[in-house]
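Here is the structure we will look at, set down as structure tokens.
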Amino acid sequence: MSGQIDAAFEGALGDFHLDTTFTAAMSGVTALFGPSGSGKTTLLRCIAGLTRMQGRLSVNGREWQSAEAFMPAHQRHVGYVFQDANLFPHLTVAGNLNFAAKRSGKRSNSDSPAIDFDEAVSLLGLGPMMQRMPAALSGGERQRVAVGRALLSRPQVLLMDEPLSGLDQAAKADILPYLERLTDTLAIPVLYVSHDIGEVARLADHMVLLNSGRAIASGTIGDMLERLDLGLLVEPFEESVLATAEVTGHDPKYRLTRLVCCGQPLTIPEADLAIGETVRLRIRARDVALATKRPEGISIRNILEGHIAEISAAPGAAHAETLVDINGARLRARITLEALAELELTVGAPVFALVKSVTFDGRSIAQKQSG
Amino acid sequence: MDDIWQPIWLSIRLATVTTAFLLVLGAPLAWWLARSPRRWKEAVAAIVAMPLVLPPTVLGFYLLLALGPDGPAQYLNGHGLAFTFEGLVIGSIIYSLPFVVQPIRNAFEAFGEKPLEAAATLGAGPWDRFWHVALPLARPGILTGAVLGFAHTIGEFGVVLMIGGDIPGETRVLSVAIYDYVETLQWRKAHLLAGGMVAFAFIVVLAVLLLNRRPARQGASA
């Protein structure tokens, strides 16, 4: 049964004013994305029933909140992963997981999918730490336990509030594959709050863009990243698009992995991927250069042929954002206004998009198909 | 020699019963004081804390009126509770309440809202959250409150003398017995009891200090 999450909240918390309406699918990962102070966390807390604000909320056809009724947090079937894990300090890892599992019986007559205790433990790699106390875990381990605990409560929707923001790069890289595996395996819809576009690009299928307490745009992650008009809300230099590519082979001599993307070859530094596997690559606008003729004698490995689909210049900036159509897929390229004039680039003009292989790292490759 | 064991035993009995009542009453009261959004809760907190500053004789005087044959307690049994063990328990509960409520309230306030929010999102209702999250997290504060409440009841003198008098086996507790021995010049017995109390006080204070160190150590290793 595919219902949806239907939310509308309005209210003030101190100086901050929230006035948001959005819908999200009952499947896949929907990112609530926006700069800090845009109301992402407040919105998530309203959905969980932890913060009370005027509004209405229905999940899969069931009313959780309306003008007349407010269902308290413990009756809403949510799993909530807090920014700082928020494990019970007086219980071991096993105790924390059991706390959730024991109370999930109350939710058994709902249509939330059941998850097996052992399955959750192995999916998140929690086996070796079951008898340890939360204080003895690393930040990444704690966050994995928090995700497992939330899943075992048998939620209808999993709410994740910047679960990676408190972690260092190494811990993030460690936990991201678990989250990818999880979101691919489970049938539970996820609302994922983040202000890190890299994280969102790797995990999300859909995106709701928030600014100053309002939802200003929403759509599939691929479409949203290609929209040049939304660029100002992403940290500068992080604008990017997602491209789906299939692994065709590895080159052990030069330690490279070859892929095919929109019918054209693509080379990236050696990655641990199986041949035939489809991956999602994040390509940043600042890593793409344009040429009007196929360049020769150049170190850049990836030369993709296409044409300009869109050009947008921000007022007062030295550069323009362009969208290049490559056999239907789209790349963003950031180039200077001077280059734009000298190359006489206009919409429809044929171009070659150049992408340096070394700009791909572990963070920009997701083992998940583009939504 | 038998007569010095009687007040010791009576004091222990009184302190144990009083502490049990104090925990049952004090934990919910401390929970309410820690979490209620109402402004006037501090007025309640002030009333609870008043025995800290009132002279025990003042408290004892009003308790004597309340528990005496002409006070409200007469409706319980016809003759009131003054000069009885039950009367002492009631007086001790009021007198020692702040020593139990304050550390438990502090403990409830220390862990804040977050573990309770986590429990709520996992499907735990209000009672479940109090019993399985708040109480275990406040354990050091509850133990401190229990030790202080017990010790303070053992050491009380003024209130007991006002409402309990000096009836052997019924209201003649340790501190009253010491006073009696000194009055009747039985120095050896007074020494035994007083010296025992000094040792007991040291153990209690040490126990409280150790109890309060434990959570700090846990926090440091986090």
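Within each chain, counting starts at residue 1; across the structure tokens, chains are named A, B, ... in the order shown, with ligands numbered 1 upward in that order.
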For stretch 133-141 of chain A: contacts at 7 Å, only C-alpha atoms, fewer than 5 positions along chain excluded, given as a ChimeraX atom specification | /A:87,89,91-93,167,171,175 /B:221-222
Stretch 73-83 of chain B surroundings by only C-alpha atoms, 9 Å radius, close-in-sequence under 2 positions cut, as a ChimeraX atom specification = /B:63-71,85-88,160,162-167,170-171
Write out, as an mmCIF file, in the first residue's frame, the residues just selected, with N, CA and C atoms.
```cif
data_model
loop_
_atom_site.group_PDB
_atom_site.id
_atom_site.type_symbol
_atom_site.label_atom_id
_atom_site.label_comp_id
_atom_site.auth_asym_id
_atom_site.auth_seq_id
_atom_site.Cartn_x
_atom_site.Cartn_y
_atom_site.Cartn_z
ATOM 1 N N LEU B 63 3.870 20.263 65.510
ATOM 2 C CA LEU B 63 3.539 18.843 65.327
ATOM 3 C C LEU B 63 2.839 18.299 66.570
ATOM 4 N N LEU B 64 3.291 18.775 67.736
ATOM 5 C CA LEU B 64 2.674 18.327 68.989
ATOM 6 C C LEU B 64 1.196 18.733 69.025
ATOM 7 N N LEU B 65 0.938 19.978 68.576
ATOM 8 C CA LEU B 65 -0.450 20.437 68.538
ATOM 9 C C LEU B 65 -1.264 19.587 67.558
ATOM 10 N N ALA B 66 -0.649 19.296 66.385
ATOM 11 C CA ALA B 66 -1.380 18.551 65.351
ATOM 12 C C ALA B 66 -1.611 17.103 65.762
ATOM 13 N N LEU B 67 -0.613 16.520 66.437
ATOM 14 C CA LEU B 67 -0.709 15.094 66.774
ATOM 15 C C LEU B 67 -1.348 14.850 68.129
ATOM 16 N N GLY B 68 -1.455 15.908 68.933
ATOM 17 C CA GLY B 68 -1.962 15.766 70.290
ATOM 18 C C GLY B 68 -3.444 15.377 70.315
ATOM 19 N N PRO B 69 -3.951 15.086 71.526
ATOM 20 C CA PRO B 69 -5.334 14.594 71.660
ATOM 21 C C PRO B 69 -6.383 15.604 71.183
ATOM 22 N N ASP B 70 -5.993 16.909 71.126
ATOM 23 C CA ASP B 70 -6.962 17.903 70.671
ATOM 24 C C ASP B 70 -6.735 18.312 69.220
ATOM 25 N N GLY B 71 -5.692 17.773 68.611
ATOM 26 C CA GLY B 71 -5.383 18.141 67.218
ATOM 27 C C GLY B 71 -6.107 17.256 66.235
ATOM 28 N N PHE B 85 5.253 5.817 68.663
ATOM 29 C CA PHE B 85 6.213 5.544 67.590
ATOM 30 C C PHE B 85 5.685 6.078 66.259
ATOM 31 N N GLU B 86 4.385 5.876 65.983
ATOM 32 C CA GLU B 86 3.784 6.361 64.734
ATOM 33 C C GLU B 86 3.913 7.880 64.622
ATOM 34 N N GLY B 87 3.700 8.551 65.739
ATOM 35 C CA GLY B 87 3.858 10.008 65.755
ATOM 36 C C GLY B 87 5.269 10.400 65.392
ATOM 37 N N LEU B 88 6.243 9.657 65.936
ATOM 38 C CA LEU B 88 7.647 9.942 65.615
ATOM 39 C C LEU B 88 7.910 9.764 64.126
ATOM 40 N N VAL B 160 11.918 15.032 68.254
ATOM 41 C CA VAL B 160 11.548 13.829 68.997
ATOM 42 C C VAL B 160 11.186 14.172 70.436
ATOM 43 N N MET B 162 10.077 16.926 71.576
ATOM 44 C CA MET B 162 8.826 17.682 71.664
ATOM 45 C C MET B 162 7.602 16.768 71.495
ATOM 46 N N ILE B 163 7.660 15.854 70.505
ATOM 47 C CA ILE B 163 6.443 15.086 70.205
ATOM 48 C C ILE B 163 6.481 13.662 70.740
ATOM 49 N N GLY B 164 7.671 13.196 71.144
ATOM 50 C CA GLY B 164 7.777 11.792 71.534
ATOM 51 C C GLY B 164 8.043 11.583 73.001
ATOM 52 N N GLY B 165 8.673 12.608 73.589
ATOM 53 C CA GLY B 165 9.037 12.445 74.984
ATOM 54 C C GLY B 165 10.141 11.435 75.143
ATOM 55 N N ASP B 166 10.068 10.615 76.164
ATOM 56 C CA ASP B 166 11.191 9.768 76.551
ATOM 57 C C ASP B 166 10.663 8.437 77.058
ATOM 58 N N ILE B 167 9.842 7.768 76.262
ATOM 59 C CA ILE B 167 9.264 6.502 76.701
ATOM 60 C C ILE B 167 10.140 5.356 76.197
ATOM 61 N N GLU B 170 9.564 2.958 73.050
ATOM 62 C CA GLU B 170 8.522 3.525 72.207
ATOM 63 C C GLU B 170 9.028 4.813 71.525
ATOM 64 N N THR B 171 9.552 5.727 72.318
ATOM 65 C CA THR B 171 10.021 6.997 71.745
ATOM 66 C C THR B 171 11.411 7.389 72.246
#
```
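Using only C-alpha atoms, the nearest neighbour of B:Val173 within the list B:Val89, B:Ala146, B:Leu54, B:Val100 is B:Val89.
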Using atom CA of B:Ala138 and atom CA of B:Trp32 as the two end points, give the distance in Å to one decimal.
-> 13.9 Å
List every residue of stretch 152-340 of chain A that DSSP, applied to the backbone of this structure, places in alpha helix (DSSP H), and write the result as a PDB file with N, CA and C atoms, in the first residue's frame.
```
ATOM      1  N   LEU A 152      14.371  -1.223  15.605  1.00  0.00           N
ATOM      2  CA  LEU A 152      13.764  -2.306  16.374  1.00  0.00           C
ATOM      3  C   LEU A 152      12.467  -1.878  17.053  1.00  0.00           C
ATOM      4  N   GLN A 169      35.462  12.807   9.632  1.00  0.00           N
ATOM      5  CA  GLN A 169      35.376  12.251   8.279  1.00  0.00           C
ATOM      6  C   GLN A 169      35.507  10.726   8.267  1.00  0.00           C
ATOM      7  N   ALA A 170      36.448  10.213   9.076  1.00  0.00           N
ATOM      8  CA  ALA A 170      36.682   8.771   9.076  1.00  0.00           C
ATOM      9  C   ALA A 170      35.442   8.022   9.570  1.00  0.00           C
ATOM     10  N   ALA A 171      34.830   8.547  10.638  1.00  0.00           N
ATOM     11  CA  ALA A 171      33.642   7.892  11.194  1.00  0.00           C
ATOM     12  C   ALA A 171      32.478   7.968  10.211  1.00  0.00           C
ATOM     13  N   LYS A 172      32.370   9.093   9.506  1.00  0.00           N
ATOM     14  CA  LYS A 172      31.315   9.236   8.500  1.00  0.00           C
ATOM     15  C   LYS A 172      31.489   8.197   7.408  1.00  0.00           C
ATOM     16  N   ALA A 173      32.725   8.085   6.922  1.00  0.00           N
ATOM     17  CA  ALA A 173      33.007   7.139   5.842  1.00  0.00           C
ATOM     18  C   ALA A 173      32.705   5.718   6.310  1.00  0.00           C
ATOM     19  N   ASP A 174      32.875   5.489   7.621  1.00  0.00           N
ATOM     20  CA  ASP A 174      32.639   4.165   8.193  1.00  0.00           C
ATOM     21  C   ASP A 174      31.141   3.838   8.246  1.00  0.00           C
ATOM     22  N   ILE A 175      30.321   4.813   8.554  1.00  0.00           N
ATOM     23  CA  ILE A 175      28.899   4.543   8.801  1.00  0.00           C
ATOM     24  C   ILE A 175      28.053   4.675   7.539  1.00  0.00           C
ATOM     25  N   LEU A 176      28.490   5.471   6.571  1.00  0.00           N
ATOM     26  CA  LEU A 176      27.683   5.689   5.359  1.00  0.00           C
ATOM     27  C   LEU A 176      27.308   4.399   4.619  1.00  0.00           C
ATOM     28  N   PRO A 177      28.246   3.479   4.442  1.00  0.00           N
ATOM     29  CA  PRO A 177      27.860   2.236   3.752  1.00  0.00           C
ATOM     30  C   PRO A 177      26.756   1.478   4.489  1.00  0.00           C
ATOM     31  N   TYR A 178      26.757   1.521   5.843  1.00  0.00           N
ATOM     32  CA  TYR A 178      25.689   0.869   6.607  1.00  0.00           C
ATOM     33  C   TYR A 178      24.341   1.511   6.289  1.00  0.00           C
ATOM     34  N   LEU A 179      24.356   2.852   6.244  1.00  0.00           N
ATOM     35  CA  LEU A 179      23.097   3.559   5.983  1.00  0.00           C
ATOM     36  C   LEU A 179      22.607   3.263   4.571  1.00  0.00           C
ATOM     37  N   GLU A 180      23.539   3.197   3.623  1.00  0.00           N
ATOM     38  CA  GLU A 180      23.157   2.879   2.244  1.00  0.00           C
ATOM     39  C   GLU A 180      22.511   1.512   2.153  1.00  0.00           C
ATOM     40  N   ARG A 181      23.161   0.543   2.822  1.00  0.00           N
ATOM     41  CA  ARG A 181      22.681  -0.821   2.794  1.00  0.00           C
ATOM     42  C   ARG A 181      21.274  -0.879   3.383  1.00  0.00           C
ATOM     43  N   LEU A 182      21.140  -0.169   4.494  1.00  0.00           N
ATOM     44  CA  LEU A 182      19.887  -0.144   5.224  1.00  0.00           C
ATOM     45  C   LEU A 182      18.753   0.433   4.393  1.00  0.00           C
ATOM     46  N   THR A 183      18.995   1.597   3.794  1.00  0.00           N
ATOM     47  CA  THR A 183      17.929   2.271   3.072  1.00  0.00           C
ATOM     48  C   THR A 183      17.573   1.497   1.809  1.00  0.00           C
ATOM     49  N   ASP A 184      18.529   0.709   1.302  1.00  0.00           N
ATOM     50  CA  ASP A 184      18.233  -0.115   0.138  1.00  0.00           C
ATOM     51  C   ASP A 184      17.456  -1.379   0.514  1.00  0.00           C
ATOM     52  N   THR A 185      17.748  -1.925   1.722  1.00  0.00           N
ATOM     53  CA  THR A 185      17.176  -3.207   2.129  1.00  0.00           C
ATOM     54  C   THR A 185      15.774  -3.076   2.716  1.00  0.00           C
ATOM     55  N   ILE A 197      25.351  18.469   1.524  1.00  0.00           N
ATOM     56  CA  ILE A 197      24.825  18.059   0.236  1.00  0.00           C
ATOM     57  C   ILE A 197      25.467  16.745  -0.231  1.00  0.00           C
ATOM     58  N   GLY A 198      26.716  16.506   0.188  1.00  0.00           N
ATOM     59  CA  GLY A 198      27.390  15.269  -0.204  1.00  0.00           C
ATOM     60  C   GLY A 198      26.669  14.051   0.358  1.00  0.00           C
ATOM     61  N   GLU A 199      26.313  14.159   1.662  1.00  0.00           N
ATOM     62  CA  GLU A 199      25.590  13.094   2.338  1.00  0.00           C
ATOM     63  C   GLU A 199      24.229  12.855   1.670  1.00  0.00           C
ATOM     64  N   VAL A 200      23.529  13.957   1.412  1.00  0.00           N
ATOM     65  CA  VAL A 200      22.198  13.870   0.813  1.00  0.00           C
ATOM     66  C   VAL A 200      22.280  13.240  -0.574  1.00  0.00           C
ATOM     67  N   ALA A 201      23.292  13.660  -1.347  1.00  0.00           N
ATOM     68  CA  ALA A 201      23.428  13.141  -2.710  1.00  0.00           C
ATOM     69  C   ALA A 201      23.675  11.643  -2.695  1.00  0.00           C
ATOM     70  N   ARG A 202      24.360  11.159  -1.652  1.00  0.00           N
ATOM     71  CA  ARG A 202      24.637   9.726  -1.577  1.00  0.00           C
ATOM     72  C   ARG A 202      23.429   8.915  -1.150  1.00  0.00           C
ATOM     73  N   LEU A 203      22.640   9.455  -0.232  1.00  0.00           N
ATOM     74  CA  LEU A 203      21.611   8.632   0.398  1.00  0.00           C
ATOM     75  C   LEU A 203      20.191   8.853  -0.099  1.00  0.00           C
ATOM     76  N   ILE A 221      15.905  13.631  -6.109  1.00  0.00           N
ATOM     77  CA  ILE A 221      17.227  14.189  -5.817  1.00  0.00           C
ATOM     78  C   ILE A 221      17.944  14.597  -7.105  1.00  0.00           C
ATOM     79  N   GLY A 222      17.793  13.779  -8.143  1.00  0.00           N
ATOM     80  CA  GLY A 222      18.460  14.089  -9.413  1.00  0.00           C
ATOM     81  C   GLY A 222      17.972  15.405  -9.997  1.00  0.00           C
ATOM     82  N   ASP A 223      16.664  15.563 -10.045  1.00  0.00           N
ATOM     83  CA  ASP A 223      16.085  16.801 -10.584  1.00  0.00           C
ATOM     84  C   ASP A 223      16.468  18.013  -9.760  1.00  0.00           C
ATOM     85  N   MET A 224      16.431  17.835  -8.432  1.00  0.00           N
ATOM     86  CA  MET A 224      16.696  18.981  -7.556  1.00  0.00           C
ATOM     87  C   MET A 224      18.123  19.474  -7.725  1.00  0.00           C
ATOM     88  N   LEU A 225      19.073  18.540  -7.878  1.00  0.00           N
ATOM     89  CA  LEU A 225      20.474  18.947  -8.000  1.00  0.00           C
ATOM     90  C   LEU A 225      20.734  19.630  -9.337  1.00  0.00           C
ATOM     91  N   GLU A 226      19.922  19.313 -10.341  1.00  0.00           N
ATOM     92  CA  GLU A 226      20.137  19.918 -11.655  1.00  0.00           C
ATOM     93  C   GLU A 226      19.535  21.310 -11.765  1.00  0.00           C
ATOM     94  N   LEU A 337      32.673  33.904 -16.522  1.00  0.00           N
ATOM     95  CA  LEU A 337      31.921  34.641 -17.539  1.00  0.00           C
ATOM     96  C   LEU A 337      32.807  34.927 -18.749  1.00  0.00           C
ATOM     97  N   GLU A 338      34.108  35.128 -18.475  1.00  0.00           N
ATOM     98  CA  GLU A 338      35.041  35.400 -19.565  1.00  0.00           C
ATOM     99  C   GLU A 338      35.095  34.217 -20.523  1.00  0.00           C
ATOM    100  N   ALA A 339      35.197  32.998 -19.950  1.00  0.00           N
ATOM    101  CA  ALA A 339      35.236  31.800 -20.791  1.00  0.00           C
ATOM    102  C   ALA A 339      33.940  31.650 -21.574  1.00  0.00           C
ATOM    103  N   LEU A 340      32.842  31.963 -20.914  1.00  0.00           N
ATOM    104  CA  LEU A 340      31.547  31.858 -21.563  1.00  0.00           C
ATOM    105  C   LEU A 340      31.502  32.737 -22.809  1.00  0.00           C
TER     106      LEU A 340
END
```
Could the residues of chain A within 6 Å of chain B, counting only C-alpha atoms, be given as a PDB file with C-alpha atoms, in the first residue's frame, please?
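Saved result, part_31.pdb, follows:
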```
ATOM      1  CA  ALA A  73       5.081  11.041  20.821  1.00  0.00           C
ATOM      2  CA  HIS A  74       4.958   7.560  22.365  1.00  0.00           C
ATOM      3  CA  ALA A 100      13.074  -0.762  21.780  1.00  0.00           C
ATOM      4  CA  ALA A 135      30.217   5.590  27.096  1.00  0.00           C
ATOM      5  CA  SER A 153      10.944  -0.147  17.702  1.00  0.00           C
TER       6      SER A 153
END
```
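Compared by their closest atoms to A:Ile5, and using only C-alpha atoms, the residues A:Asn96, A:Ser364, A:Gln156, A:Gln75 rank with A:Gln156 nearest.
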Between atom CA of A:Gly297 and atom CA of A:Val324, measure the distance and give it in Å to one decimal.
-> 23.1 Å
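Note that atom CA of A:Leu331 and atom CA of A:Val288 are 8.1 Å apart.
When the distance limit is 9 Å and only C-alpha atoms are what count, the residues near B:Trp31, minus those fewer than 2 positions from it on the same chain, are B:Gly26, B:Ala27, B:Pro28, B:Leu29, B:Leu33, B:Ala34, B:Arg35, B:Ser36, B:Ile104, B:Arg105, B:Phe108, B:Glu109, B:Phe130, B:Ala134.
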Serialized selection, C-alpha atoms, as an mmCIF file, in the first residue's frame:
```
data_model
loop_
_atom_site.group_PDB
_atom_site.id
_atom_site.type_symbol
_atom_site.label_atom_id
_atom_site.label_comp_id
_atom_site.auth_asym_id
_atom_site.auth_seq_id
_atom_site.Cartn_x
_atom_site.Cartn_y
_atom_site.Cartn_z
ATOM 1 C CA GLY B 26 9.980 11.895 47.861
ATOM 2 C CA ALA B 27 10.700 10.430 44.414
ATOM 3 C CA PRO B 28 7.357 11.442 42.813
ATOM 4 C CA LEU B 29 7.490 14.818 44.584
ATOM 5 C CA LEU B 33 9.406 19.601 41.193
ATOM 6 C CA ALA B 34 11.991 18.817 38.516
ATOM 7 C CA ARG B 35 9.601 18.715 35.556
ATOM 8 C CA SER B 36 6.481 20.741 36.211
ATOM 9 C CA ILE B 104 16.647 13.286 43.910
ATOM 10 C CA ARG B 105 15.348 16.466 42.268
ATOM 11 C CA PHE B 108 16.251 14.249 37.749
ATOM 12 C CA GLU B 109 17.229 17.702 36.528
ATOM 13 C CA PHE B 130 9.524 7.372 34.863
ATOM 14 C CA ALA B 134 14.172 8.370 35.013
#
```
Compile the contact shell of stretch 200-214 of chain B as a ChimeraX atom specification: residues with an atom at most 8 Å away, counting only C-alpha atoms, same-chain residues fewer than 3 positions apart removed.
-> /B:140-141,143-144,147-148,151,196-197,217-218
Requested write-out: N, CA and C atoms of the selected residues, as a short mmCIF file (atom, residue, chain, number, x, y, z; two decimals), in the first residue's frame:
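Below is the file out-v7.cif, written as the result:
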```cif
data_model
loop_
_atom_site.label_atom_id
_atom_site.label_comp_id
_atom_site.auth_asym_id
_atom_site.auth_seq_id
_atom_site.Cartn_x
_atom_site.Cartn_y
_atom_site.Cartn_z
N PRO B 140 22.05 7.39 41.58
CA PRO B 140 22.98 7.95 42.57
C PRO B 140 22.31 8.98 43.48
N GLY B 141 21.43 9.82 42.91
CA GLY B 141 20.72 10.82 43.70
C GLY B 141 19.76 10.18 44.68
N LEU B 143 20.08 7.14 46.00
CA LEU B 143 20.87 6.52 47.08
C LEU B 143 21.36 7.59 48.05
N THR B 144 21.82 8.71 47.51
CA THR B 144 22.27 9.80 48.38
C THR B 144 21.13 10.26 49.27
N VAL B 147 20.44 7.69 52.03
CA VAL B 147 21.46 7.69 53.10
C VAL B 147 21.29 8.93 53.98
N LEU B 148 21.09 10.09 53.35
CA LEU B 148 20.94 11.31 54.14
C LEU B 148 19.67 11.27 54.98
N ALA B 151 20.25 8.88 57.93
CA ALA B 151 21.19 9.41 58.91
C ALA B 151 20.58 10.58 59.68
N GLY B 196 29.85 5.98 69.22
CA GLY B 196 29.27 5.22 68.11
C GLY B 196 28.68 6.14 67.06
N MET B 197 28.02 7.21 67.51
CA MET B 197 27.42 8.16 66.58
C MET B 197 28.49 8.88 65.75
N ARG B 217 32.79 10.11 37.43
CA ARG B 217 33.79 9.27 36.76
C ARG B 217 33.25 8.71 35.45
N GLN B 218 31.98 8.28 35.49
CA GLN B 218 31.37 7.76 34.27
C GLN B 218 31.38 8.81 33.18
#
```
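With only C-alpha atoms taken into account, the protein and nucleic acid residues at most 9 Å from B:Ala190 (excluding it and anything under 6 positions from it in its own chain) are Ala177, Ile178, Tyr179, Asp180, Tyr181 and Val182 of chain B.
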Selected residues written out with N, CA and C atoms, as a tab-separated table (two decimals), in the first residue's frame:
```tsv
chain	number	residue	atom	x	y	z
B	177	ALA	N	18.41	9.23	74.50
B	177	ALA	CA	19.07	8.39	75.50
B	177	ALA	C	20.40	9.02	75.95
B	178	ILE	N	21.15	9.54	74.99
B	178	ILE	CA	22.44	10.17	75.35
B	178	ILE	C	22.18	11.34	76.31
B	179	TYR	N	21.19	12.16	75.97
B	179	TYR	CA	20.84	13.31	76.81
B	179	TYR	C	20.52	12.85	78.23
B	180	ASP	N	19.74	11.76	78.29
B	180	ASP	CA	19.35	11.18	79.57
B	180	ASP	C	20.54	10.72	80.40
B	181	TYR	N	21.45	9.97	79.73
B	181	TYR	CA	22.64	9.45	80.45
B	181	TYR	C	23.48	10.58	80.99
B	182	VAL	N	23.60	11.67	80.22
B	182	VAL	CA	24.40	12.80	80.68
B	182	VAL	C	23.71	13.44	81.89
```
Shell around A:Val190 at 7 Å using only C-alpha atoms, local window under 2 positions removed, as JSON, numbers by chain = {"A": [28, 29, 30, 157, 158, 159, 188, 192]}
Quick one: everything within 7 Å of stretch 11-27 of chain A, counting only C-alpha atoms, minus sequence neighbours fewer than 5 positions away in the same chain. Send it as an MDAnalysis selection string.
-> chainID A and resid 2:6 39 53:54 187:189 213:215
